[in-house]
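K.L.:
Please see the structure below; I have some questions.
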Amino acid sequence: MKKALITGITGQDGFFLSKQLLEKGYEVHGLVRNDSRQCLGSLRCLPRELSDELSLHKCDITDHETVMVILKDEQFDEIYHLSAQSFVGHSFDQPRITNNTNIGGTQNVVDAIRLFYPHTKLYFAATSELFGRAVESPQNENTPFYPRSPYGISKLAGYWIVKNNREGYGLWGVNGILFNHESELRGEKFVTRKITKSIASIVTGAQDELRIGNLNIKRDWGFSGDYVDAMWRMLQHDIPDDYVIATGENYSLREFTERAFKVVDVDIVWEGEGVNEVGRDASTGRVLVRVDPEFFRPAENECVLGDCTKARKVLGWKPTLGFDRLIERMVKADLKFMKKTSYV
């Protein structure tokens, strides 16, 4: 039986990855900052028969000593390092916390592997934010990096920590350069989940309108469940390497919003320009979407599009859930949750 550790196990990727590994017969461990029930995040959605099989360790990833002790004692075959301050918007306001978590935490994990169990296979959760103001489109493993946020900068440092230790010290480590991936378990501060949750709230009468930032940004959006499968495939390959994981299609935030409203049979028509733009219900004329400058970032990646040719050829990976089905899944999940509340 293989033994795996997932840092950041309480997030959406932690849920889908732990579920997949448990179903494959792994012994799965996770690092959590607080092991109380209310702080387990997405893990609360695991079936009881699976969640009972998890072994959780209370640990702040920035605590060097605790990370060292856990990795020394447990001797993992595979480590999936997902833990991060992963909200791009917050990184502009909290660059020091972002760096301490994303750079310092990664260094702690790498140090522990090198010292105590050098044959452990390490997956590092890199990101399309490494490319930032991309010099070419689509972006692949050879595209130069140009991060545009403190988050992207911190993740680029983590990428190089893994790559340099792989080349210099023989670390078996891979970087998964994952483009945006979503699910019904996405944190509510992320814009996709904010949209689907707001639509559910509007439909059930709990909210009047959706306030949103730059509608023109374009992203390559996939499904988290597909992307964690790519993580696992990377660690089953004979040779450690770095891979872009993406769908190869991108859509604007405007299109995401329109298609999400379509799930509840609302057609959105747009009026105005810039910060004065609004989206109205085509049938009633009611304003349902309003642009709010509060949600604009100091520096924005306007167009993101990934080329996962290498992952398709080497790992045999491909996405299974398309854009519209992903949005439908998210909206329906939020509707189901909202209808259980006192609003209806």
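By convention in this document, the chains of the structure tokens carry letters A, B, ... by their order, each chain's residues are numbered from 1, and ligands are numbered from 1 in the order they are shown.
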Using only C-alpha atoms, which residues of segment 95-175 of chain A come within 8 Å of segment 58-64 of chain A, and what is the closest atom pair for each, with the distance in Å to one decimal? Give it as CSV, sorted by chain and residue number.
P.N.:
residue,atom,partner,partner_atom,distance
A:Asn100,CA,A:Thr62,CA,6.7
A:Thr101,CA,A:Thr62,CA,5.8
A:Gly104,CA,A:Thr62,CA,6.0
A:Gly105,CA,A:Thr62,CA,4.7
A:Asn108,CA,A:His64,CA,5.5
K.L.:
With only C-alpha atoms as the counted atoms, please give the residues lying no more than 12 Å from Ala157 of chain A, apart from itself and same-chain residues fewer than 5 positions off, as a CSV table (one decimal) with C-alpha atoms, in the first residue's frame.
P.N.:
chain,number,residue,atom,x,y,z
A,98,THR,CA,1.9,35.0,0.8
A,99,ASN,CA,5.7,34.6,0.6
A,100,ASN,CA,6.0,33.0,4.0
A,101,THR,CA,3.4,30.4,3.1
A,102,ASN,CA,4.2,29.8,-0.5
A,103,ILE,CA,7.9,30.0,-0.5
A,104,GLY,CA,8.8,29.2,3.1
A,105,GLY,CA,6.3,26.3,3.3
A,106,THR,CA,7.7,24.8,0.0
A,107,GLN,CA,11.2,25.0,1.3
A,124,PHE,CA,4.4,20.9,-6.4
A,125,ALA,CA,1.2,22.9,-7.2
A,126,ALA,CA,2.5,25.6,-9.6
A,127,THR,CA,0.1,27.8,-11.5
A,130,LEU,CA,3.6,32.1,-13.5
A,145,PHE,CA,7.5,33.4,-17.1
A,147,PRO,CA,4.2,36.8,-13.1
A,150,PRO,CA,2.7,38.6,-5.5
A,151,TYR,CA,1.0,35.2,-5.6
A,152,GLY,CA,2.5,34.5,-9.0
A,162,VAL,CA,11.7,22.2,-6.8
A,163,LYS,CA,13.4,22.4,-10.1
A,164,ASN,CA,16.8,23.4,-8.7
A,175,ASN,CA,5.9,21.0,-11.1
K.L.:
Which is closest to Cys303 of chain A among A:Gly25, A:Gly222, A:Gly132, A:Gly187, if we use only C-alpha atoms?
P.N.:
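Closest candidate: A:Gly132.
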K.L.:
Of the candidates A:Val228, A:Ile199, A:Val28, A:Leu22, which shows the shortest atom-to-atom distance to Ala246 of chain A, using only C-alpha atoms?
P.N.:
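Closest to Ala246 of chain A of all the choices is A:Val228.
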K.L.:
List the neighbours of Val110 of chain A out to 12 Å using only C-alpha atoms; skip same-chain residues closer than 5 positions along the sequence, and give me the result as a count of residues only.
P.N.:
36
K.L.:
Mind pulling up the distance from atom CA of Cys308 of chain A to atom CA of Gly30 of chain A?
P.N.:
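Atom CA of Cys308 of chain A lies 28.5 Å from atom CA of Gly30 of chain A.
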K.L.:
Compare A:Ser201, A:Thr284, A:Gln236, A:Thr257 by their minimum atom-to-atom distance to Phe337 of chain A, counting only C-alpha atoms, and give me the closest one.
P.N.:
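Answer, going by the shortest atom-to-atom distance: A:Ser201.
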K.L.:
Among segment 13-186 of chain A, which ones does DSSP assign to strand (DSSP E or B) (computed from the backbone)? Answer as a ChimeraX atom specification.
P.N.:
/A:27-32,55-58,78-81,121-127,139,172-178,181-182
K.L.:
What lies within 12 Å of Gly285 of chain A using only C-alpha atoms, ignoring chain neighbours under 2 positions off, as a PyMOL selection string?
P.N.:
chain A and resi 266-271+278-283+287-289
K.L.:
For the residues selected in the previous step, produce a file with all heavy atoms as an mmCIF file, in the first residue's frame.
P.N.:
data_model
loop_
_atom_site.group_PDB
_atom_site.id
_atom_site.type_symbol
_atom_site.label_atom_id
_atom_site.label_comp_id
_atom_site.auth_asym_id
_atom_site.auth_seq_id
_atom_site.Cartn_x
_atom_site.Cartn_y
_atom_site.Cartn_z
ATOM 1 N N VAL A 266 -31.970 32.511 -17.541
ATOM 2 C CA VAL A 266 -31.919 33.971 -17.621
ATOM 3 C C VAL A 266 -30.933 34.364 -18.706
ATOM 4 O O VAL A 266 -29.770 33.933 -18.685
ATOM 5 C CB VAL A 266 -31.501 34.605 -16.278
ATOM 6 C CG1 VAL A 266 -31.288 36.112 -16.434
ATOM 7 C CG2 VAL A 266 -32.544 34.320 -15.205
ATOM 8 N N ASP A 267 -31.387 35.163 -19.661
ATOM 9 C CA ASP A 267 -30.507 35.716 -20.696
ATOM 10 C C ASP A 267 -30.056 37.102 -20.267
ATOM 11 O O ASP A 267 -30.883 37.955 -19.915
ATOM 12 C CB ASP A 267 -31.236 35.814 -22.031
ATOM 13 C CG ASP A 267 -31.517 34.451 -22.639
ATOM 14 O OD1 ASP A 267 -30.629 33.580 -22.570
ATOM 15 O OD2 ASP A 267 -32.635 34.252 -23.169
ATOM 16 N N ILE A 268 -28.758 37.325 -20.293
ATOM 17 C CA ILE A 268 -28.195 38.609 -19.886
ATOM 18 C C ILE A 268 -27.889 39.458 -21.116
ATOM 19 O O ILE A 268 -27.280 38.977 -22.087
ATOM 20 C CB ILE A 268 -26.905 38.412 -19.064
ATOM 21 C CG1 ILE A 268 -27.201 37.713 -17.742
ATOM 22 C CG2 ILE A 268 -26.195 39.745 -18.811
ATOM 23 C CD1 ILE A 268 -28.033 38.520 -16.775
ATOM 24 N N VAL A 269 -28.324 40.714 -21.093
ATOM 25 C CA VAL A 269 -27.946 41.686 -22.123
ATOM 26 C C VAL A 269 -27.154 42.797 -21.438
ATOM 27 O O VAL A 269 -27.451 43.187 -20.306
ATOM 28 C CB VAL A 269 -29.180 42.271 -22.849
ATOM 29 C CG1 VAL A 269 -29.866 41.197 -23.678
ATOM 30 C CG2 VAL A 269 -30.161 42.891 -21.866
ATOM 31 N N TRP A 270 -26.118 43.287 -22.142
ATOM 32 C CA TRP A 270 -25.193 44.241 -21.537
ATOM 33 C C TRP A 270 -25.472 45.653 -22.029
ATOM 34 O O TRP A 270 -25.764 45.875 -23.203
ATOM 35 C CB TRP A 270 -23.755 43.839 -21.857
ATOM 36 C CG TRP A 270 -23.417 42.450 -21.404
ATOM 37 C CD1 TRP A 270 -23.413 41.305 -22.151
ATOM 38 C CD2 TRP A 270 -23.066 42.058 -20.072
ATOM 39 N NE1 TRP A 270 -23.085 40.226 -21.388
ATOM 40 C CE2 TRP A 270 -22.864 40.652 -20.104
ATOM 41 C CE3 TRP A 270 -22.902 42.733 -18.872
ATOM 42 C CZ2 TRP A 270 -22.501 39.919 -18.973
ATOM 43 C CZ3 TRP A 270 -22.545 42.009 -17.746
ATOM 44 C CH2 TRP A 270 -22.345 40.620 -17.798
ATOM 45 N N GLU A 271 -25.324 46.599 -21.097
ATOM 46 C CA GLU A 271 -25.502 48.017 -21.416
ATOM 47 C C GLU A 271 -24.379 48.817 -20.773
ATOM 48 O O GLU A 271 -23.915 48.483 -19.679
ATOM 49 C CB GLU A 271 -26.840 48.541 -20.876
ATOM 50 C CG GLU A 271 -28.068 47.930 -21.517
ATOM 51 C CD GLU A 271 -29.353 48.505 -20.928
ATOM 52 O OE1 GLU A 271 -29.254 49.395 -20.044
ATOM 53 O OE2 GLU A 271 -30.441 48.060 -21.328
ATOM 54 N N VAL A 278 -23.592 47.347 -17.078
ATOM 55 C CA VAL A 278 -24.475 46.502 -16.275
ATOM 56 C C VAL A 278 -25.005 45.376 -17.153
ATOM 57 O O VAL A 278 -25.071 45.491 -18.384
ATOM 58 C CB VAL A 278 -25.658 47.287 -15.670
ATOM 59 C CG1 VAL A 278 -25.165 48.342 -14.694
ATOM 60 C CG2 VAL A 278 -26.523 47.903 -16.765
ATOM 61 N N GLY A 279 -25.395 44.300 -16.508
ATOM 62 C CA GLY A 279 -26.057 43.204 -17.198
ATOM 63 C C GLY A 279 -27.494 43.110 -16.742
ATOM 64 O O GLY A 279 -27.771 43.040 -15.537
ATOM 65 N N ARG A 280 -28.430 43.131 -17.713
ATOM 66 C CA ARG A 280 -29.851 43.091 -17.386
ATOM 67 C C ARG A 280 -30.478 41.762 -17.809
ATOM 68 O O ARG A 280 -30.036 41.131 -18.774
ATOM 69 C CB ARG A 280 -30.601 44.228 -18.094
ATOM 70 C CG ARG A 280 -30.211 45.631 -17.648
ATOM 71 C CD ARG A 280 -31.064 46.680 -18.358
ATOM 72 N NE ARG A 280 -30.666 48.035 -18.012
ATOM 73 C CZ ARG A 280 -31.115 48.695 -16.950
ATOM 74 N NH1 ARG A 280 -31.999 48.125 -16.144
ATOM 75 N NH2 ARG A 280 -30.704 49.924 -16.715
ATOM 76 N N ASP A 281 -31.502 41.373 -17.086
ATOM 77 C CA ASP A 281 -32.331 40.246 -17.485
ATOM 78 C C ASP A 281 -33.071 40.668 -18.757
ATOM 79 O O ASP A 281 -33.814 41.648 -18.764
ATOM 80 C CB ASP A 281 -33.320 39.921 -16.368
ATOM 81 C CG ASP A 281 -34.194 38.714 -16.672
ATOM 82 O OD1 ASP A 281 -34.447 38.431 -17.853
ATOM 83 O OD2 ASP A 281 -34.641 38.051 -15.718
ATOM 84 N N ALA A 282 -32.850 39.943 -19.860
ATOM 85 C CA ALA A 282 -33.447 40.324 -21.136
ATOM 86 C C ALA A 282 -34.965 40.333 -21.083
ATOM 87 O O ALA A 282 -35.619 41.084 -21.825
ATOM 88 C CB ALA A 282 -32.968 39.371 -22.229
ATOM 89 N N SER A 283 -35.561 39.540 -20.211
ATOM 90 C CA SER A 283 -37.027 39.447 -20.134
ATOM 91 C C SER A 283 -37.648 40.552 -19.295
ATOM 92 O O SER A 283 -38.702 41.094 -19.646
ATOM 93 C CB SER A 283 -37.433 38.089 -19.559
ATOM 94 O OG SER A 283 -37.007 37.046 -20.398
ATOM 95 N N VAL A 287 -31.609 44.873 -13.496
ATOM 96 C CA VAL A 287 -30.151 44.797 -13.431
ATOM 97 C C VAL A 287 -29.746 43.666 -12.493
ATOM 98 O O VAL A 287 -30.101 43.656 -11.310
ATOM 99 C CB VAL A 287 -29.542 46.127 -12.935
ATOM 100 C CG1 VAL A 287 -28.027 45.962 -12.717
ATOM 101 C CG2 VAL A 287 -29.791 47.243 -13.950
ATOM 102 N N LEU A 288 -29.004 42.697 -13.028
ATOM 103 C CA LEU A 288 -28.551 41.557 -12.234
ATOM 104 C C LEU A 288 -27.039 41.526 -12.046
ATOM 105 O O LEU A 288 -26.550 40.869 -11.132
ATOM 106 C CB LEU A 288 -28.994 40.245 -12.899
ATOM 107 C CG LEU A 288 -30.496 40.019 -13.014
ATOM 108 C CD1 LEU A 288 -30.780 38.711 -13.724
ATOM 109 C CD2 LEU A 288 -31.157 40.040 -11.636
ATOM 110 N N VAL A 289 -26.324 42.253 -12.915
ATOM 111 C CA VAL A 289 -24.859 42.275 -12.847
ATOM 112 C C VAL A 289 -24.388 43.717 -12.923
ATOM 113 O O VAL A 289 -24.861 44.486 -13.764
ATOM 114 C CB VAL A 289 -24.211 41.469 -14.001
ATOM 115 C CG1 VAL A 289 -22.699 41.396 -13.807
ATOM 116 C CG2 VAL A 289 -24.822 40.089 -14.118
#
K.L.:
Would you tabulate, counting only C-alpha atoms, all residues of segment 134-222 of chain A that have an atom at most 10 Å from an atom of segment 2-13 of chain A, showing the closest pair of atoms and their distance in Å to one decimal, sorted by chain then ascending number, as a tab-separated table?
P.N.:
residue	atom	partner	partner_atom	distance
A:His181	CA	A:Asp13	CA	9.0
A:Glu182	CA	A:Gln12	CA	8.1
A:Ser183	CA	A:Gln12	CA	7.3
A:Glu184	CA	A:Gln12	CA	8.3
A:Leu185	CA	A:Gln12	CA	5.2
A:Arg186	CA	A:Gln12	CA	5.6
A:Gly187	CA	A:Gln12	CA	7.6
